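Okay, target_7.csv is below, CSV, C-alpha atoms and all ligand atoms:
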chain,number,residue,atom,x,y,z
J,21,MET,CA,0.0,0.0,0.0
J,22,SER,CA,2.4,2.7,-1.2
J,23,GLN,CA,1.5,6.4,-1.2
J,24,SER,CA,0.2,8.2,-4.3
J,25,SER,CA,2.0,10.5,-6.5
J,26,GLN,CA,0.2,13.5,-4.8
J,27,VAL,CA,2.5,13.1,-1.8
J,28,ASP,CA,5.3,15.6,-1.7
J,29,PRO,CA,8.3,13.7,-3.2
J,30,ALA,CA,10.9,15.4,-0.9
J,31,LYS,CA,8.9,14.5,2.2
J,32,LEU,CA,8.3,11.0,1.0
J,33,ALA,CA,12.0,10.5,0.2
J,34,ALA,CA,12.9,11.6,3.7
J,35,ALA,CA,10.2,9.4,5.3
J,36,ARG,CA,11.3,6.3,3.4
J,37,ALA,CA,14.9,6.8,4.3
J,38,ALA,CA,14.0,7.1,8.0
J,39,ILE,CA,11.8,4.0,7.8
J,40,ALA,CA,14.7,2.0,6.4
J,41,LEU,CA,16.3,2.5,9.9
J,42,VAL,CA,13.5,0.6,11.6
J,43,GLU,CA,14.2,-3.0,12.7
J,44,ASP,CA,11.9,-5.7,13.8
J,45,GLY,CA,11.1,-5.5,17.6
J,46,MET,CA,11.9,-1.8,17.8
J,47,LYS,CA,10.1,0.6,20.2
J,48,LEU,CA,9.4,3.8,18.2
J,49,GLY,CA,8.3,7.4,18.8
J,50,LEU,CA,6.0,8.7,16.0
J,51,GLY,CA,6.1,12.4,15.3
J,52,THR,CA,3.4,14.8,14.3
J,53,GLY,CA,2.8,16.9,11.1
J,54,SER,CA,2.5,16.3,7.4
J,55,THR,CA,6.0,14.8,7.0
J,56,ALA,CA,5.5,12.6,10.0
J,57,SER,CA,2.1,11.5,8.7
J,58,ILE,CA,3.8,10.3,5.4
J,59,MET,CA,6.3,8.4,7.6
J,60,VAL,CA,3.5,6.8,9.6
J,61,ARG,CA,1.9,5.6,6.4
J,62,GLU,CA,5.2,4.2,5.1
J,63,LEU,CA,5.9,2.5,8.4
J,64,ALA,CA,2.5,0.9,8.5
J,65,ALA,CA,2.9,-0.4,5.0
J,66,ARG,CA,6.3,-1.8,5.7
J,67,ALA,CA,5.2,-3.3,9.1
J,68,GLN,CA,2.3,-5.1,7.3
J,69,ALA,CA,4.4,-6.3,4.4
J,70,GLU,CA,7.2,-7.7,6.5
J,71,GLY,CA,5.2,-8.7,9.6
J,72,LEU,CA,7.3,-6.4,11.8
J,73,ASN,CA,6.6,-6.5,15.5
J,74,LEU,CA,6.8,-2.8,16.6
J,75,ARG,CA,5.7,-0.9,19.7
J,76,CYS,CA,4.9,2.7,19.0
J,77,ALA,CA,4.3,5.8,21.2
J,78,ALA,CA,2.6,8.8,19.4
J,79,THR,CA,3.4,12.4,19.9
J,80,SER,CA,-0.2,13.6,19.4
J,81,ARG,CA,-3.8,12.4,19.3
J,82,ALA,CA,-3.8,12.9,15.6
J,83,THR,CA,-0.8,10.7,15.0
J,84,ALA,CA,-2.2,8.0,17.4
J,85,GLU,CA,-5.4,8.0,15.5
J,86,LEU,CA,-3.7,7.8,12.1
J,87,ALA,CA,-1.3,5.0,13.2
J,88,GLU,CA,-4.1,2.9,14.8
J,89,SER,CA,-6.2,3.3,11.7
J,90,LEU,CA,-3.4,1.8,9.7
J,91,GLY,CA,-2.9,-1.1,12.0
J,92,LEU,CA,0.1,0.0,14.1
J,93,ARG,CA,0.0,-0.8,17.8
J,94,ILE,CA,0.0,2.4,19.8
J,95,GLU,CA,0.8,2.3,23.5
J,96,THR,CA,1.5,5.1,26.0
J,97,LEU,CA,5.0,6.2,26.5
J,98,ASP,CA,4.9,4.9,30.1
J,99,GLU,CA,3.7,1.5,28.9
J,100,ILE,CA,6.7,1.2,26.6
J,101,GLY,CA,9.1,2.9,28.9
J,102,TRP,CA,12.0,3.8,26.6
J,103,LEU,CA,12.2,4.1,22.9
J,104,ASP,CA,14.9,3.0,20.4
J,105,LEU,CA,14.1,5.6,17.8
J,106,THR,CA,11.8,8.6,17.3
J,107,ILE,CA,11.2,9.9,13.8
J,108,ASP,CA,9.6,13.4,13.6
J,109,GLY,CA,9.4,16.4,11.4
J,110,ALA,CA,10.6,19.9,12.1
J,111,ASP,CA,9.9,23.5,11.2
J,112,GLU,CA,13.5,24.6,11.1
J,113,VAL,CA,16.9,22.7,11.3
J,114,ASP,CA,20.2,24.6,11.7
J,115,PRO,CA,23.7,23.3,11.1
J,116,GLN,CA,24.1,22.1,14.7
J,117,LEU,CA,20.8,20.2,14.2
J,118,HIS,CA,19.1,22.5,16.7
J,119,LEU,CA,15.4,22.6,15.8
J,120,ILE,CA,12.3,24.7,15.9
J,121,LYS,CA,9.3,22.5,16.4
J,122,GLY,CA,5.7,23.0,17.3
J,123,GLY,CA,4.1,24.2,14.0
J,124,GLY,CA,1.5,21.6,14.7
J,125,ALA,CA,1.2,22.6,18.4
J,126,ALA,CA,2.6,19.2,19.5
J,127,HIS,CA,6.1,20.1,20.6
J,128,LEU,CA,5.4,19.3,24.3
J,129,ARG,CA,4.6,15.7,23.7
J,130,GLU,CA,7.2,15.6,20.9
J,131,LYS,CA,9.9,16.8,23.2
J,132,ILE,CA,9.0,14.3,26.0
J,133,VAL,CA,9.0,11.4,23.5
J,134,ALA,CA,12.3,12.5,21.9
J,135,ALA,CA,13.9,12.8,25.3
J,136,ALA,CA,12.9,9.2,26.0
J,137,SER,CA,14.6,7.9,22.9
J,138,ASP,CA,18.0,6.5,22.2
J,139,ARG,CA,17.9,8.4,18.9
J,140,MET,CA,15.9,11.2,17.3
J,141,VAL,CA,15.8,11.3,13.6
J,142,VAL,CA,14.3,14.4,11.9
J,143,ILE,CA,12.7,14.2,8.4
J,144,ALA,CA,12.2,17.3,6.4
J,145,ASP,CA,12.2,18.9,3.0
J,146,PRO,CA,15.1,21.4,2.0
J,147,GLY,CA,13.0,24.4,2.9
J,148,LYS,CA,13.4,23.6,6.6
J,149,VAL,CA,17.2,23.9,6.6
J,150,VAL,CA,18.4,27.3,7.8
J,151,GLU,CA,21.6,28.9,8.8
J,152,THR,CA,20.1,30.6,11.8
J,153,LEU,CA,16.9,29.6,13.6
J,154,GLY,CA,14.0,32.1,14.0
J,155,ALA,CA,12.3,32.9,10.7
J,156,PHE,CA,9.7,30.4,11.7
J,157,PRO,CA,7.8,31.8,14.7
J,158,LEU,CA,8.9,30.0,17.8
J,159,PRO,CA,5.9,28.1,19.4
J,160,VAL,CA,5.7,28.3,23.2
J,161,GLU,CA,3.1,26.3,25.0
J,162,VAL,CA,1.7,28.2,28.0
J,163,LEU,CA,-0.8,27.6,30.7
J,164,ALA,CA,-4.2,29.3,30.5
J,165,PHE,CA,-3.8,30.4,34.1
J,166,GLY,CA,-2.1,33.8,34.2
J,167,PHE,CA,-1.9,33.8,30.4
J,168,GLU,CA,-1.3,37.5,30.0
J,169,THR,CA,1.2,37.6,32.8
J,170,THR,CA,3.1,34.8,31.1
J,171,ARG,CA,3.1,36.8,27.9
J,172,LYS,CA,4.4,39.8,29.7
J,173,LEU,CA,7.2,37.8,31.3
J,174,ILE,CA,8.1,36.4,27.9
J,175,ARG,CA,8.3,39.9,26.4
J,176,ARG,CA,10.5,40.9,29.3
J,177,ALA,CA,12.8,37.9,28.8
J,178,LEU,CA,13.0,38.8,25.1
J,179,GLU,CA,14.0,42.4,25.9
J,180,ALA,CA,16.8,41.2,28.1
J,181,LEU,CA,18.1,39.1,25.2
J,182,GLU,CA,17.9,42.1,22.8
J,183,LEU,CA,14.9,40.6,21.1
J,184,GLY,CA,12.4,43.2,22.3
J,185,GLY,CA,9.6,44.6,20.2
J,186,ARG,CA,8.8,41.3,18.5
J,187,ASP,CA,5.3,40.0,18.1
J,188,VAL,CA,4.2,37.5,20.7
J,189,LEU,CA,0.9,36.3,19.3
J,190,GLN,CA,-1.6,33.8,20.6
J,191,ARG,CA,-2.2,31.0,18.0
J,192,LEU,CA,-5.8,31.0,16.9
J,193,ASN,CA,-7.9,28.6,14.9
J,194,GLY,CA,-10.3,31.1,13.3
J,195,SER,CA,-11.3,33.3,16.2
J,196,ASP,CA,-10.8,30.6,18.9
J,197,PRO,CA,-7.5,29.9,20.7
J,198,VAL,CA,-5.7,26.8,19.7
J,199,ILE,CA,-5.8,24.3,22.5
J,200,THR,CA,-3.0,21.7,22.7
J,201,ASP,CA,-3.5,18.0,23.4
J,202,GLU,CA,-2.5,18.9,27.0
J,203,GLY,CA,-5.2,21.6,27.2
J,204,ASN,CA,-2.8,24.6,27.0
J,205,PHE,CA,-2.5,27.7,24.8
J,206,ILE,CA,0.2,28.5,22.2
J,207,LEU,CA,2.1,31.7,21.9
J,208,ASP,CA,4.1,32.2,18.6
J,209,LEU,CA,7.2,34.3,19.0
J,210,HIS,CA,8.0,36.2,15.8
J,211,LEU,CA,11.7,36.7,16.4
J,212,MET,CA,13.0,36.7,12.8
J,213,GLN,CA,16.4,35.4,14.1
J,214,ILE,CA,17.5,33.7,17.2
J,215,PRO,CA,21.2,34.5,17.6
J,216,ASP,CA,21.6,32.5,20.9
J,217,PRO,CA,19.1,29.6,21.1
J,218,VAL,CA,20.6,28.3,24.3
J,219,ALA,CA,20.2,31.6,26.1
J,220,LEU,CA,16.6,31.9,24.8
J,221,ALA,CA,15.7,28.3,25.8
J,222,ARG,CA,17.0,28.9,29.3
J,223,ALA,CA,15.1,32.2,29.7
J,224,LEU,CA,11.8,30.7,28.5
J,225,SER,CA,12.1,27.6,30.6
J,226,ALA,CA,12.6,29.9,33.7
J,227,ILE,CA,9.2,31.4,33.3
J,228,PRO,CA,6.6,29.6,35.5
J,229,GLY,CA,3.7,29.7,33.1
J,230,VAL,CA,5.7,28.4,30.2
J,231,VAL,CA,5.0,24.7,29.8
J,232,GLU,CA,7.5,24.1,27.0
J,233,HIS,CA,9.1,25.9,24.1
J,234,GLY,CA,9.7,24.6,20.6
J,235,LEU,CA,13.5,24.9,20.7
J,236,PHE,CA,15.0,21.3,20.5
J,237,LEU,CA,18.6,21.8,21.3
J,238,GLY,CA,21.1,18.9,21.2
J,239,MET,CA,18.2,16.4,20.8
J,240,CYS,CA,18.3,15.5,17.1
J,241,ASP,CA,20.9,12.9,16.1
J,242,LEU,CA,20.3,12.9,12.4
J,243,ALA,CA,18.4,15.0,9.9
J,244,ILE,CA,17.3,13.3,6.7
J,245,ILE,CA,16.5,15.9,4.1
J,246,GLY,CA,14.5,14.6,1.2
J,247,ARG,CA,14.8,16.1,-2.3
J,248,GLU,CA,12.3,16.5,-5.1
J,249,ASP,CA,14.2,13.9,-7.2
J,250,GLY,CA,13.6,11.3,-4.5
J,251,THR,CA,17.2,11.3,-3.1
J,252,VAL,CA,18.1,12.4,0.4
J,253,VAL,CA,20.9,14.2,2.1
J,254,GLU,CA,21.8,13.1,5.7
J,255,LEU,CA,23.0,15.8,8.0
J,256,ALA,CA,24.9,14.8,11.1
J,257,ARG,CA,25.4,17.3,13.9
J,258,ASP,CA,28.0,20.0,13.1
J,259,ALA,CA,28.4,18.9,9.5
J,260,ASP,CA,28.7,21.6,7.0
J,261,ILE,CA,25.5,22.2,5.2
J,262,ASP,CA,26.1,22.5,1.5
J,263,ALA,CA,23.3,24.9,0.3
J,264,ASP,CA,24.0,23.8,-3.3
J,265,MET,CA,23.3,20.2,-2.4
J,266,LEU,CA,19.8,21.2,-1.2
J,267,ALA,CA,19.2,23.7,-3.9
J,268,HIS,CA,16.7,23.4,-6.8
J,269,GLU,CA,14.3,21.8,-4.4
J,270,GLY,CA,10.9,23.3,-4.1
J,271,GLU,CA,11.6,25.8,-6.8
I,1,LIG,C1,4.4,19.6,15.1
I,1,LIG,C2,5.8,19.7,14.5
I,1,LIG,C3,6.0,19.3,13.1
I,1,LIG,O1,7.0,18.3,13.1
I,1,LIG,C4,6.5,20.4,12.3
I,1,LIG,O2,5.5,21.5,12.4
I,1,LIG,C5,6.7,20.1,10.9
I,1,LIG,O3,5.5,19.8,10.3
I,1,LIG,P1,5.4,19.5,8.7
I,1,LIG,O4,6.1,18.2,8.5
I,1,LIG,O5,3.9,19.4,8.5
I,1,LIG,O6,6.0,20.6,8.0
I,1,LIG,O7,6.7,20.2,15.2
I,1,LIG,O8,4.3,20.2,16.3

How does the structure come out when it is put into structure tokens?
Amino acid sequence: MSQSSQVDPAKLAAARAAIALVEDGMKLGLGTGSTASIMVRELAARAQAEGLNLRCAATSRATAELAESLGLRIETLDEIGWLDLTIDGADEVDPQLHLIKGGGAAHLREKIVAAASDRMVVIADPGKVVETLGAFPLPVEVLAFGFETTRKLIRRALEALELGGRDVLQRLNGSDPVITDEGNFILDLHLMQIPDPVALARALSAIPGVVEHGLFLGMCDLAIIGREDGTVVELARDADIDADMLAHEGE
């Protein structure tokens, strides 16, 4: 049951390359988003064709529902305990394999699952690879309690890092607030550039109403970047990213 030609070829190539890393008996974390959904479909097809025995933890309700509908066994993270491999998408990937995640409002569960994995592999198309993080608005999951106070504290923290005056916008679905799987709100920080992701991550984590931010620092072991022609480029941490290698994709 292979996926149709309507699927983005770059995302499909990355997903297939990541699925090739899966072995019988593995405990897997399944990411969230359009690229992760393609991966889940590929995984289910391979598991069925080869009779693989896999145990999977999902990073969102949407992924759990998709995976179960395709016959994959979903258990809670606590039932499985520890994972061999998590495969997830990303909104931005920098040369150190630092990530911005949370475009799908799932970064809290995604981070918990990735942190409980021997290996985190990110799958993405070339448009996600950046020199410096921050063009994609940074998602921050915050509690509803004291929401405006938390927003003020975030603005204050940004000012201290010379990132003042940037928009800190509540994510909406139409006119309603987006509510995460954990029942929280999302603030999107329109920073344009994040010169020091480590300092920003530390500052955001120190704010009590912040549940989790979308900076994934030092968590990704391998990024598989799919290309339109069906080939992939694998980026290891600190490897030089050759922009030409990724060029002519998505043009
Ligand atoms: C969800 C995420 C996704 O992995 C990220 O938004 C990428 O999604 P897509 O593959 O649809 O571009 O972090 O919270």

### Task
Please give me, as an MDAnalysis selection string, the residues lying within 7 Å of ligand LIG 1 (chain I) when counting only C-alpha atoms and all ligand atoms.
chainID J and resid 51:56 108:111 121:127 144

Could you write those residues out with C-alpha atoms, as a tab-separated table (two decimals), in the coordinates of the input?
chain	number	residue	atom	x	y	z
J	51	GLY	CA	6.10	12.40	15.30
J	52	THR	CA	3.40	14.80	14.30
J	53	GLY	CA	2.80	16.90	11.10
J	54	SER	CA	2.50	16.30	7.40
J	55	THR	CA	6.00	14.80	7.00
J	56	ALA	CA	5.50	12.60	10.00
J	108	ASP	CA	9.60	13.40	13.60
J	109	GLY	CA	9.40	16.40	11.40
J	110	ALA	CA	10.60	19.90	12.10
J	111	ASP	CA	9.90	23.50	11.20
J	121	LYS	CA	9.30	22.50	16.40
J	122	GLY	CA	5.70	23.00	17.30
J	123	GLY	CA	4.10	24.20	14.00
J	124	GLY	CA	1.50	21.60	14.70
J	125	ALA	CA	1.20	22.60	18.40
J	126	ALA	CA	2.60	19.20	19.50
J	127	HIS	CA	6.10	20.10	20.60
J	144	ALA	CA	12.20	17.30	6.40

### Task
Choose the residue, out of J:Thr251, J:Ser57, J:Ser195, J:Thr96, that has the smallest atom-to-atom separation from Val133 in chain J; count only C-alpha atoms.
J:Thr96

### Protein and nucleic acid residues near (3.2, 28.7, 33.2) (cut-off 7 Å, only C-alpha atoms) as number ranges by chain
J: 162-163, 170, 227-231

### Task
Please provide as a list of chain:residue names all residues within 12 Å of Glu182 in chain J, with the sequence filter that same-chain residues fewer than 6 positions apart are discarded (counting all atoms listed in the file).
J:Arg175, J:Arg176, J:Leu211, J:Gln213, J:Ile214, J:Pro215, J:Asp216, J:Ala219, J:Leu220

### Message
Quick check, in Å to one decimal: how far apart do CA of Asp208 in chain J and CA of Val160 in chain J lie?
### Response
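Between CA of Asp208 in chain J and CA of Val160 in chain J the gap works out to 6.2 Å.
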
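With only C-alpha atoms as the atoms that count, the minimum distance from Ile199 in chain J to the choices J:Ala65, J:Ile107, J:Ala35, J:Ala164 is reached by J:Ala164.
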
### Query
J:Leu117, J:Ile58, J:Leu48, J:Asp98: which is nearest Arg75 in chain J, counting all atoms listed in the file?
J:Leu48

#### Entry: Residue with smallest distance to Lys31 in chain J - pool J:Leu119, J:Ile206, J:Ile143, J:Leu189, counting only C-alpha atoms
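Between J:Leu119, J:Ile206, J:Ile143, J:Leu189, the residue approaching Lys31 in chain J most closely is J:Ile143.
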
### Summary
Using only C-alpha atoms, the best pick from J:Ala136, J:Ile244, J:Ala78, J:Ala38 as closest to Lys148 in chain J would be J:Ile244

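Taking CA of Val198 in chain J as the reference point, CA of Ser80 in chain J is found at 14.3 Å.
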
### Query
Do you have the CA of Arg191 in chain J-CA of Pro217 in chain J distance handy?
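Spanning CA of Arg191 in chain J to CA of Pro217 in chain J is a straight-line distance of 21.6 Å.
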
May I ask you to restore N, CA, C and O atoms in range 87-106 of chain J and write the result as a PDB file, in the frame of the given file?
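As written to disk, rebuild_10.pdb reads:
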ATOM      1  N   ALA J  87      -2.086   6.292  13.101  1.00  0.00           N
ATOM      2  CA  ALA J  87      -1.300   5.000  13.200  1.00  0.00           C
ATOM      3  C   ALA J  87      -2.229   3.854  13.500  1.00  0.00           C
ATOM      4  O   ALA J  87      -2.111   2.802  12.871  1.00  0.00           O
ATOM      5  N   GLU J  88      -3.143   4.054  14.413  1.00  0.00           N
ATOM      6  CA  GLU J  88      -4.100   2.900  14.800  1.00  0.00           C
ATOM      7  C   GLU J  88      -4.951   2.578  13.586  1.00  0.00           C
ATOM      8  O   GLU J  88      -5.207   1.402  13.339  1.00  0.00           O
ATOM      9  N   SER J  89      -5.378   3.599  12.857  1.00  0.00           N
ATOM     10  CA  SER J  89      -6.200   3.300  11.700  1.00  0.00           C
ATOM     11  C   SER J  89      -5.514   2.510  10.641  1.00  0.00           C
ATOM     12  O   SER J  89      -6.130   1.863   9.812  1.00  0.00           O
ATOM     13  N   LEU J  90      -4.192   2.555  10.671  1.00  0.00           N
ATOM     14  CA  LEU J  90      -3.400   1.800   9.700  1.00  0.00           C
ATOM     15  C   LEU J  90      -2.861   0.511  10.248  1.00  0.00           C
ATOM     16  O   LEU J  90      -2.045  -0.168   9.616  1.00  0.00           O
ATOM     17  N   GLY J  91      -3.284   0.181  11.464  1.00  0.00           N
ATOM     18  CA  GLY J  91      -2.900  -1.100  12.000  1.00  0.00           C
ATOM     19  C   GLY J  91      -1.687  -1.146  12.888  1.00  0.00           C
ATOM     20  O   GLY J  91      -1.246  -2.218  13.315  1.00  0.00           O
ATOM     21  N   LEU J  92      -1.089   0.029  13.167  1.00  0.00           N
ATOM     22  CA  LEU J  92       0.100   0.000  14.100  1.00  0.00           C
ATOM     23  C   LEU J  92      -0.380   0.004  15.507  1.00  0.00           C
ATOM     24  O   LEU J  92      -1.415   0.580  15.851  1.00  0.00           O
ATOM     25  N   ARG J  93       0.415  -0.665  16.343  1.00  0.00           N
ATOM     26  CA  ARG J  93       0.000  -0.800  17.800  1.00  0.00           C
ATOM     27  C   ARG J  93       0.564   0.464  18.507  1.00  0.00           C
ATOM     28  O   ARG J  93       1.777   0.695  18.575  1.00  0.00           O
ATOM     29  N   ILE J  94      -0.371   1.259  19.045  1.00  0.00           N
ATOM     30  CA  ILE J  94       0.000   2.400  19.800  1.00  0.00           C
ATOM     31  C   ILE J  94      -0.170   2.154  21.297  1.00  0.00           C
ATOM     32  O   ILE J  94      -1.206   1.656  21.730  1.00  0.00           O
ATOM     33  N   GLU J  95       0.875   2.462  22.063  1.00  0.00           N
ATOM     34  CA  GLU J  95       0.800   2.300  23.500  1.00  0.00           C
ATOM     35  C   GLU J  95       1.236   3.674  24.108  1.00  0.00           C
ATOM     36  O   GLU J  95       1.789   4.523  23.411  1.00  0.00           O
ATOM     37  N   THR J  96       0.986   3.850  25.399  1.00  0.00           N
ATOM     38  CA  THR J  96       1.500   5.100  26.000  1.00  0.00           C
ATOM     39  C   THR J  96       2.973   5.015  26.164  1.00  0.00           C
ATOM     40  O   THR J  96       3.556   3.912  26.217  1.00  0.00           O
ATOM     41  N   LEU J  97       3.578   6.189  26.291  1.00  0.00           N
ATOM     42  CA  LEU J  97       5.000   6.200  26.500  1.00  0.00           C
ATOM     43  C   LEU J  97       5.386   5.453  27.781  1.00  0.00           C
ATOM     44  O   LEU J  97       6.369   4.717  27.821  1.00  0.00           O
ATOM     45  N   ASP J  98       4.575   5.603  28.800  1.00  0.00           N
ATOM     46  CA  ASP J  98       4.900   4.900  30.100  1.00  0.00           C
ATOM     47  C   ASP J  98       4.744   3.415  29.965  1.00  0.00           C
ATOM     48  O   ASP J  98       5.469   2.679  30.639  1.00  0.00           O
ATOM     49  N   GLU J  99       3.838   2.952  29.143  1.00  0.00           N
ATOM     50  CA  GLU J  99       3.700   1.500  28.900  1.00  0.00           C
ATOM     51  C   GLU J  99       4.997   0.957  28.270  1.00  0.00           C
ATOM     52  O   GLU J  99       5.495  -0.115  28.602  1.00  0.00           O
ATOM     53  N   ILE J 100       5.507   1.716  27.332  1.00  0.00           N
ATOM     54  CA  ILE J 100       6.700   1.200  26.600  1.00  0.00           C
ATOM     55  C   ILE J 100       7.964   1.488  27.417  1.00  0.00           C
ATOM     56  O   ILE J 100       8.868   0.665  27.440  1.00  0.00           O
ATOM     57  N   GLY J 101       8.015   2.640  28.048  1.00  0.00           N
ATOM     58  CA  GLY J 101       9.100   2.900  28.900  1.00  0.00           C
ATOM     59  C   GLY J 101      10.260   3.693  28.280  1.00  0.00           C
ATOM     60  O   GLY J 101      10.555   4.822  28.665  1.00  0.00           O
ATOM     61  N   TRP J 102      10.908   3.117  27.305  1.00  0.00           N
ATOM     62  CA  TRP J 102      12.000   3.800  26.600  1.00  0.00           C
ATOM     63  C   TRP J 102      11.984   3.393  25.144  1.00  0.00           C
ATOM     64  O   TRP J 102      11.582   2.260  24.818  1.00  0.00           O
ATOM     65  N   LEU J 103      12.392   4.321  24.289  1.00  0.00           N
ATOM     66  CA  LEU J 103      12.200   4.100  22.900  1.00  0.00           C
ATOM     67  C   LEU J 103      13.610   3.952  22.179  1.00  0.00           C
ATOM     68  O   LEU J 103      14.587   4.588  22.596  1.00  0.00           O
ATOM     69  N   ASP J 104      13.657   3.115  21.153  1.00  0.00           N
ATOM     70  CA  ASP J 104      14.900   3.000  20.400  1.00  0.00           C
ATOM     71  C   ASP J 104      15.094   4.174  19.455  1.00  0.00           C
ATOM     72  O   ASP J 104      16.212   4.663  19.284  1.00  0.00           O
ATOM     73  N   LEU J 105      13.995   4.609  18.864  1.00  0.00           N
ATOM     74  CA  LEU J 105      14.100   5.600  17.800  1.00  0.00           C
ATOM     75  C   LEU J 105      12.825   6.421  17.719  1.00  0.00           C
ATOM     76  O   LEU J 105      11.733   5.854  17.763  1.00  0.00           O
ATOM     77  N   THR J 106      12.991   7.743  17.630  1.00  0.00           N
ATOM     78  CA  THR J 106      11.800   8.600  17.300  1.00  0.00           C
ATOM     79  C   THR J 106      12.090   9.278  15.982  1.00  0.00           C
ATOM     80  O   THR J 106      13.194   9.778  15.720  1.00  0.00           O
TER      81      THR J 106
END
